[in-house]
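Here's the structure, in structure tokens; my notes come after.
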Amino acid sequence: MTDMSSERQISGLAGLQRVDTNDADQQETTEWLDALDGVVRQVGKDRAQYLLDRLSEHALSMGVTSNRPQITPYRNSIAADQEPRYPGDLELEEKIACALRWNALAMVVRANRAYGELGGHIASYASAADLFEVGFNHFFRAGRPDGAAGTGDLVYFQPHSSPGVYARAYLEGFLSEQHLEHYRREIGAPGLCSYPHPWLMPDFWQFPTGSMGIGPINAIYQARFMCYLAARGLADTEGRKVWGFFGDGEMDEPESMGALSLASRERLDNLVFVINCNLQRLDGPVRSNGRIIDELEAHFIGAGWNVIKVVWGSDWDPLFSRDKSGALLRAFAHTVDGQFQTFSANDGAYNRERFFGQNPELAALAAQLTDADIDRLRRGGHDVRKLYAAYAQAAAHRGQPTVILAKTMKGYGMGAAGQGRMTTHQQKKLDTDDLKAFRDRFRVPLSDAEVEALKFYKPAQDSAEMRYLHEKRAALGGFLPRRRRMSTASLPVPDIGKWAGFALDDSGREMSTTMALVRMMTTLLKDEKLGPRVVPIVADEARTFGMANMFRQVGIYSPQGQLYEPEDMGSMLYYREITDGQILEEGISEAGAISSWIAAATSYSVHDLQMLPFYIYYSMFGFQRIGDLIWAAADQRARGFLIGATSGKTTLGGEGLQHQDGTSHLNASTIPNCRAYDPAFAYEVAAIVDQGMREMVEEQRDVFYYVTVMNENYAQPALPDGGLDAIREGIVKGIYCMSAGTATAQGSAQVQLLGSGAILNEVIAAQKMLQEDWSIQAGVWSVTSFTELHRDGIASERLERYGEIAEKPYIQRVLQEASGPVVAVTDYVRALPEMIRAFVPRRYVTLGTDGFGRSDTRQALREFFEVDRVSITLAALKALEDDGAIDSDIVKHARERYGKRGASQAASWQS
């Protein structure tokens with residue numbers, strides 16, 4: 001078996017000849033290769049693959065390893081003779097695509113011709129248009145005839161390509177010409193936002209993808225959440241797909257690649273990534289000295305994904321067919337992406353000389369081609385037949401997620417104005433000649449005058465193109481993207497006494513607010529109607545947060561169940577994984593956990609199924625670590641609870657600087673639809689959770705709650721006189737009076753002490769010190785939310801500024817009957833209580849935990865940061881002295897009595 005047919009002259013890896021000069025026994029090598037050829041020829045590729053896998057396993061068992069790279073030849077994964085018949089009308093689809101390309105370009109150029117500052121992107125959609133259109137015409141299912149959300153496929157669109165999605169919605173009739181005229185101008189007219197933003201276009205965009213890297217990880221966890229819903233019997237997600245369209249440069253983001261193994265580990269065959277490999281970032285080549293397709297293929301294969309490459313268009317098929325020596329693959333194997341970009345930026349004559357002119361074999365392949373023919377050689381991402389074959393194979397694949405690596409040209413069709421240029425991403429304007437050339441290239445039926453005026457093009461409603469467009473979408477269930485604002489099914493919230501009764505009694509038992517919150521969740525899980533919709537989520541350390549009892553109660557979700565006997569099987573709270581488990585335990589991945597939370601928190605829109613997620617985590621590892629994902633959740637109108645456990649700068653004692661949180665409430669305050677609370681007591685937690693559930697689940701308002709809870713055990717006090725009803729409004733609005741202080745003689749000094757969260761007990765202790773040591777009366781106020789008080793204040797201030805009738809800020813109204821200066825103390829940085837300074841009607845002093853944290857006891861930390869009871873007492877006395885309410889000698893004596901020396905501590909505090 002030494003004769004080799006001409007079609008077997010190249011190896012499978014890189015187009016190299018079979019004869020290897022380093023081969024010690026070429027005849028033996030040839031016999032092995034011929035044997036494999038015979039298997040493929042007689043039995044098929046599946047059998048050959050099986051034999052290779054068994055051979056590889058056997059080799060590994062003998063200690064024989066391979067240095068073969070995890071990449072395949074630089075050509076299409078699906079051979080031309082294996083492509084299915086294309087089911088669409090190529091001529092009509094091309095006409096529609098050309099109209100979309102023109103309208104996408106026109107809206108960007110129009111905006112920047114009129115307002116040079118608006119920006120926008122032309123080149124990204126120019127490269128991705130065919131990737132989208134094959135999906136729109138043949139794959140993206142809306143599910144129901146009305147196109148309602150909740151039953152169809154989910155599509156994460158590449159953000160810089162949003163003009164093309166708008167252009168399609170314009171042809172569909174969802175967007176008007178006025179919308180396109182106001183691209184990137186949303187104030188004062190019906191306009192269009194820059195990128196996919198559900199907050200700004202709540203009936204259109206479903207997923208925010210504008211921040212690079214967020215789309216890929218969210219898509220993975222969305223696909224996983226669909227499986228979770230199905231496993232728990234809450235939704236039928238059979239056959240639904242999650243399609244994610246991302247750029248090759250975007251895959252550099254850690255979030256883009258960080259969850260690939262989860263997708264393969266859980267066999268998410270409902271997930272398809274389409275990566276637009278136009279080889280260019282915003283400033284230049286992605287892998288200028290390498291090949292990004294090769295790199296991504298190795299990453300995805302290594303992570304366990306099914307990889308399909310769409311590298312070359314049909315125009316290349318005759319060249320591959322004539323290439324008997326592997327000259328093309330050898331040339332590709334030695335061409336880096338920086339050079340491929342240069343090829344795309346130049347014409348056929350240049351490419352004939354610089355690519356096909358490399359050697360006689362390549363030159364011979366191109367001899368029959370004119371320069372114009374060479375110029376028309378398309379990359380695979382611009383050939384709908386190649387793309388359809390890849391999409392169809394991806395949709396049918398089982399047992400693995402699939403990634404399609406589609407090679408395109410950035411700025412495709414923009415000619416000398418932008419195709420493949422380093423500056424193409426910044427291209428916002430085109431001159432008249434470039435616009436005419438674009439029109440001619442894509443055969444858009446517009447006159448020169450219409451081109452110069454950047455007239456939008458829309459075929460007649462009864463034209464073949466428009467009928468085809470609507471027929472295709474009707475066959476797929478409706479239009480995408482579209483978004484549901486509210487769930488059609490209501491979800492009742494049980495009475496607070498049924499799940500938080502223990503927090504409302506007067507037992508005075510010791511517990512942390514973290515334990516109180518977990519106990520409330522545990523009881524909510526038992527509620528017949530709401531319980532199944534509660535989604536407990538934890539990145540790791542569920543036992544730290546006291547959630548171990550949930551392991552037995554509802555189990556940890558695992559699609560494989562539990563394939564092992566856990567070490568703690570004999571305990572009451574053993575680690576229990578089940579296929580229909582309710583807890584999402586994500587391992588040490590805050591980005592993964594928040595992505596699961598986003599999927600659950602937006603289920604009301606995506607799946608028409610209200611869910612109530614609670615994501616519990618170390619508060620320091622929330623907004624600081626994954627703030628961008630939380631912001632995206634806000635954009636997506638998420639509804640649920642973020643629980644910042646072990647919160648504050650001083651409650652986590654010995655853990656030290658990295659774990660101590662002094663800023664998360666500041667970060668939360670910047671997100672308009674995030675309602676942030678820092679409760680001190682279990683009954684406050686109960687009132688906040690009750691309010692949140694009713695606001696998010698019953699009223700279906702697009703808000704989410706951030707609630708910080710502590711791990712410090714202390715006696716939980718009884719409700720003040722009047723019960724919960726007397727203080728509920730104050731808890732929700734941000735402040736209520738716990739103790740007005742003892743009645744005093746007229747003219748005696750008084751001070752008002754405001755405390756929140758972990759420091760409220762220190763404030764209560766300071767009240768006692770002021771009374772017993774200095775005969776000064778202090779009112780104690782629990783501030784559950786400086787953020788809510790701040791927002792209320794600026795809203796009132798604004799209305800008053802414009803002469804509209806408005807109540808005074810809530811903080812002013814509740815303090816107006818109280819006397820004396822106000823001292824506010826928090827376990828967060830002073831900037832947090834400073835947020836309400838403008839609305840406090842008298843002298844206002846703030847204390848907080850500015851600076852880096854330390855490892856020590858809670859009390860030592862509070863003394864160090866000067867938020868302990870002594871520091872609060874001194875601050876109150878100094879405020880009274882500054883008001884002239886007490887003699888200055890009192891402050892001096894207090895400093896001496898308590899041994900406080902500010903100057904000597906300054907260096908330590910500032911370091």
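Letters A, B, ... mark the chains of the structure tokens in the order given; residue numbers begin at 1 per chain; ligand numbers begin at 1, in order shown.
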
* Tell me, which residues of segment 685-735 of chain A carry DSSP helix (DSSP H, G or I), written as JSON, numbers by chain? -> {"A": [685, 686, 687, 688, 689, 690, 691, 692, 693, 694, 695, 696, 697, 698, 723, 724, 725, 726, 727, 728, 729, 730, 731, 732, 733]}

Can those selected residues be exported to a file as a PDB file, in the first residue's frame so that it contains C-alpha atoms?
```pdb
ATOM      1  CA  VAL A 685     -34.434  42.932  57.579  1.00  0.00           C
ATOM      2  CA  ALA A 686     -37.921  41.413  57.565  1.00  0.00           C
ATOM      3  CA  ALA A 687     -39.620  44.710  56.737  1.00  0.00           C
ATOM      4  CA  ILE A 688     -37.162  45.393  53.892  1.00  0.00           C
ATOM      5  CA  VAL A 689     -37.468  41.910  52.383  1.00  0.00           C
ATOM      6  CA  ASP A 690     -41.256  42.098  52.638  1.00  0.00           C
ATOM      7  CA  GLN A 691     -41.290  45.491  50.927  1.00  0.00           C
ATOM      8  CA  GLY A 692     -38.904  44.256  48.248  1.00  0.00           C
ATOM      9  CA  MET A 693     -40.943  41.165  47.448  1.00  0.00           C
ATOM     10  CA  ARG A 694     -44.147  43.150  47.172  1.00  0.00           C
ATOM     11  CA  GLU A 695     -42.506  45.794  45.016  1.00  0.00           C
ATOM     12  CA  MET A 696     -40.759  43.347  42.692  1.00  0.00           C
ATOM     13  CA  VAL A 697     -43.137  40.371  42.570  1.00  0.00           C
ATOM     14  CA  GLU A 698     -46.599  41.807  43.213  1.00  0.00           C
ATOM     15  CA  GLY A 723     -45.164  47.489  66.477  1.00  0.00           C
ATOM     16  CA  LEU A 724     -44.000  47.157  62.909  1.00  0.00           C
ATOM     17  CA  ASP A 725     -46.793  49.278  61.489  1.00  0.00           C
ATOM     18  CA  ALA A 726     -45.509  52.278  63.444  1.00  0.00           C
ATOM     19  CA  ILE A 727     -42.033  52.139  61.905  1.00  0.00           C
ATOM     20  CA  ARG A 728     -42.508  50.337  58.587  1.00  0.00           C
ATOM     21  CA  GLU A 729     -42.611  53.572  56.585  1.00  0.00           C
ATOM     22  CA  GLY A 730     -39.435  54.812  58.244  1.00  0.00           C
ATOM     23  CA  ILE A 731     -37.591  51.533  57.639  1.00  0.00           C
ATOM     24  CA  VAL A 732     -38.488  51.639  53.950  1.00  0.00           C
ATOM     25  CA  LYS A 733     -37.795  55.350  53.513  1.00  0.00           C
TER      26      LYS A 733
END
```

Item to complete: With a distance cut-off of 12 Å and only C-alpha atoms, select the neighbouring residues of His138 of chain A, excluding the residue or stretch itself and same-chain residues fewer than 3 positions from it, and output the selection as an MDAnalysis selection string.
Response: chainID A and resid 86:89 93 130:135 141:142 384:385 387:389 391:392 395 468:469 471:477

Go ahead and write the selection's residues with C-alpha atoms as an mmCIF file, in the first residue's frame.
```cif
data_model
loop_
_atom_site.group_PDB
_atom_site.id
_atom_site.type_symbol
_atom_site.label_atom_id
_atom_site.label_comp_id
_atom_site.auth_asym_id
_atom_site.auth_seq_id
_atom_site.Cartn_x
_atom_site.Cartn_y
_atom_site.Cartn_z
ATOM 1 C CA TYR A 86 -29.688 26.007 1.178
ATOM 2 C CA PRO A 87 -33.415 26.410 1.945
ATOM 3 C CA GLY A 88 -33.769 30.103 1.162
ATOM 4 C CA ASP A 89 -34.035 32.359 -1.860
ATOM 5 C CA GLU A 93 -32.056 37.453 0.836
ATOM 6 C CA ASP A 130 -24.538 37.798 7.002
ATOM 7 C CA LEU A 131 -23.969 36.150 10.386
ATOM 8 C CA PHE A 132 -27.145 37.829 11.630
ATOM 9 C CA GLU A 133 -29.217 37.374 8.489
ATOM 10 C CA VAL A 134 -28.777 33.616 8.269
ATOM 11 C CA GLY A 135 -30.053 33.472 11.828
ATOM 12 C CA ARG A 141 -37.271 31.307 16.702
ATOM 13 C CA ALA A 142 -39.598 33.718 18.473
ATOM 14 C CA VAL A 384 -24.708 32.467 3.658
ATOM 15 C CA ARG A 385 -24.499 28.905 2.342
ATOM 16 C CA LEU A 387 -22.990 29.826 7.425
ATOM 17 C CA TYR A 388 -26.243 27.940 7.034
ATOM 18 C CA ALA A 389 -24.362 24.637 7.017
ATOM 19 C CA TYR A 391 -25.722 26.871 11.976
ATOM 20 C CA ALA A 392 -27.655 23.749 11.002
ATOM 21 C CA ALA A 395 -28.452 23.407 16.086
ATOM 22 C CA TYR A 468 -40.200 37.085 1.979
ATOM 23 C CA LEU A 469 -38.908 38.875 5.084
ATOM 24 C CA GLU A 471 -42.921 35.069 5.739
ATOM 25 C CA LYS A 472 -39.601 33.909 7.114
ATOM 26 C CA ARG A 473 -40.193 35.539 10.482
ATOM 27 C CA ALA A 474 -43.766 34.282 10.636
ATOM 28 C CA ALA A 475 -42.502 30.749 10.082
ATOM 29 C CA LEU A 476 -40.115 31.230 13.008
ATOM 30 C CA GLY A 477 -42.821 32.523 15.325
#
```

Each residue of segment 449-492 of chain A lying at most 12 Å from segment 531-536 of chain A should get a row with its shortest atom-to-atom pair and the distance in Å to one decimal, counting only C-alpha atoms; could you produce that, ordered by chain and increasing number, as a Markdown table?
```
| residue | atom | partner | partner_atom | distance |
| --- | --- | --- | --- | --- |
| A:Ser490 | CA | A:Arg533 | CA | 11.9 |
| A:Leu491 | CA | A:Arg533 | CA | 9.0 |
| A:Pro492 | CA | A:Gly531 | CA | 10.5 |
```

Those selected residues, please, written with C-alpha atoms and delivered as a PDB file, in the first residue's frame.
```
ATOM      1  CA  SER A 490     -49.060  37.044  39.242  1.00  0.00           C
ATOM      2  CA  LEU A 491     -47.144  35.617  42.195  1.00  0.00           C
ATOM      3  CA  PRO A 492     -48.588  36.221  45.682  1.00  0.00           C
TER       4      PRO A 492
END
```

Nearest to Ala331 of chain A, restricted to only C-alpha atoms and choosing among A:Tyr74, A:Trp102, A:Phe502, A:Tyr575, comes out as A:Tyr74

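With only C-alpha atoms as the atoms that count, the minimum distance from Val780 of chain A to the choices A:Ala824, A:Ile671, A:Gly757, A:Tyr412 is reached by A:Ala824.
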
Spatial neighbours of Phe551 of chain A, max dist 7 Å, only C-alpha atoms, sep filter under 3 positions, as a PDB file with N, CA and C atoms, in the first residue's frame:
```pdb
ATOM      1  N   ALA A 548     -26.360  25.751  55.302  1.00  0.00           N
ATOM      2  CA  ALA A 548     -26.199  24.302  55.165  1.00  0.00           C
ATOM      3  C   ALA A 548     -27.518  23.559  55.330  1.00  0.00           C
ATOM      4  N   VAL A 554     -33.743  21.623  50.148  1.00  0.00           N
ATOM      5  CA  VAL A 554     -34.073  21.764  48.723  1.00  0.00           C
ATOM      6  C   VAL A 554     -32.979  21.258  47.796  1.00  0.00           C
ATOM      7  N   GLY A 555     -31.799  20.962  48.308  1.00  0.00           N
ATOM      8  CA  GLY A 555     -30.739  20.397  47.493  1.00  0.00           C
ATOM      9  C   GLY A 555     -30.031  21.399  46.604  1.00  0.00           C
ATOM     10  N   ILE A 556     -28.850  21.003  46.150  1.00  0.00           N
ATOM     11  CA  ILE A 556     -28.024  21.807  45.252  1.00  0.00           C
ATOM     12  C   ILE A 556     -28.234  21.309  43.829  1.00  0.00           C
ATOM     13  N   LEU A 573     -26.810  17.722  57.816  1.00  0.00           N
ATOM     14  CA  LEU A 573     -26.703  18.799  56.845  1.00  0.00           C
ATOM     15  C   LEU A 573     -25.653  18.457  55.788  1.00  0.00           C
ATOM     16  N   TYR A 574     -25.731  17.229  55.262  1.00  0.00           N
ATOM     17  CA  TYR A 574     -24.711  16.809  54.323  1.00  0.00           C
ATOM     18  C   TYR A 574     -24.847  17.539  52.981  1.00  0.00           C
ATOM     19  N   TYR A 575     -23.748  17.532  52.230  1.00  0.00           N
ATOM     20  CA  TYR A 575     -23.689  18.213  50.940  1.00  0.00           C
ATOM     21  C   TYR A 575     -24.473  17.375  49.927  1.00  0.00           C
ATOM     22  N   ARG A 576     -25.648  17.859  49.548  1.00  0.00           N
ATOM     23  CA  ARG A 576     -26.600  17.064  48.766  1.00  0.00           C
ATOM     24  C   ARG A 576     -26.837  17.695  47.401  1.00  0.00           C
TER      25      ARG A 576
END
```
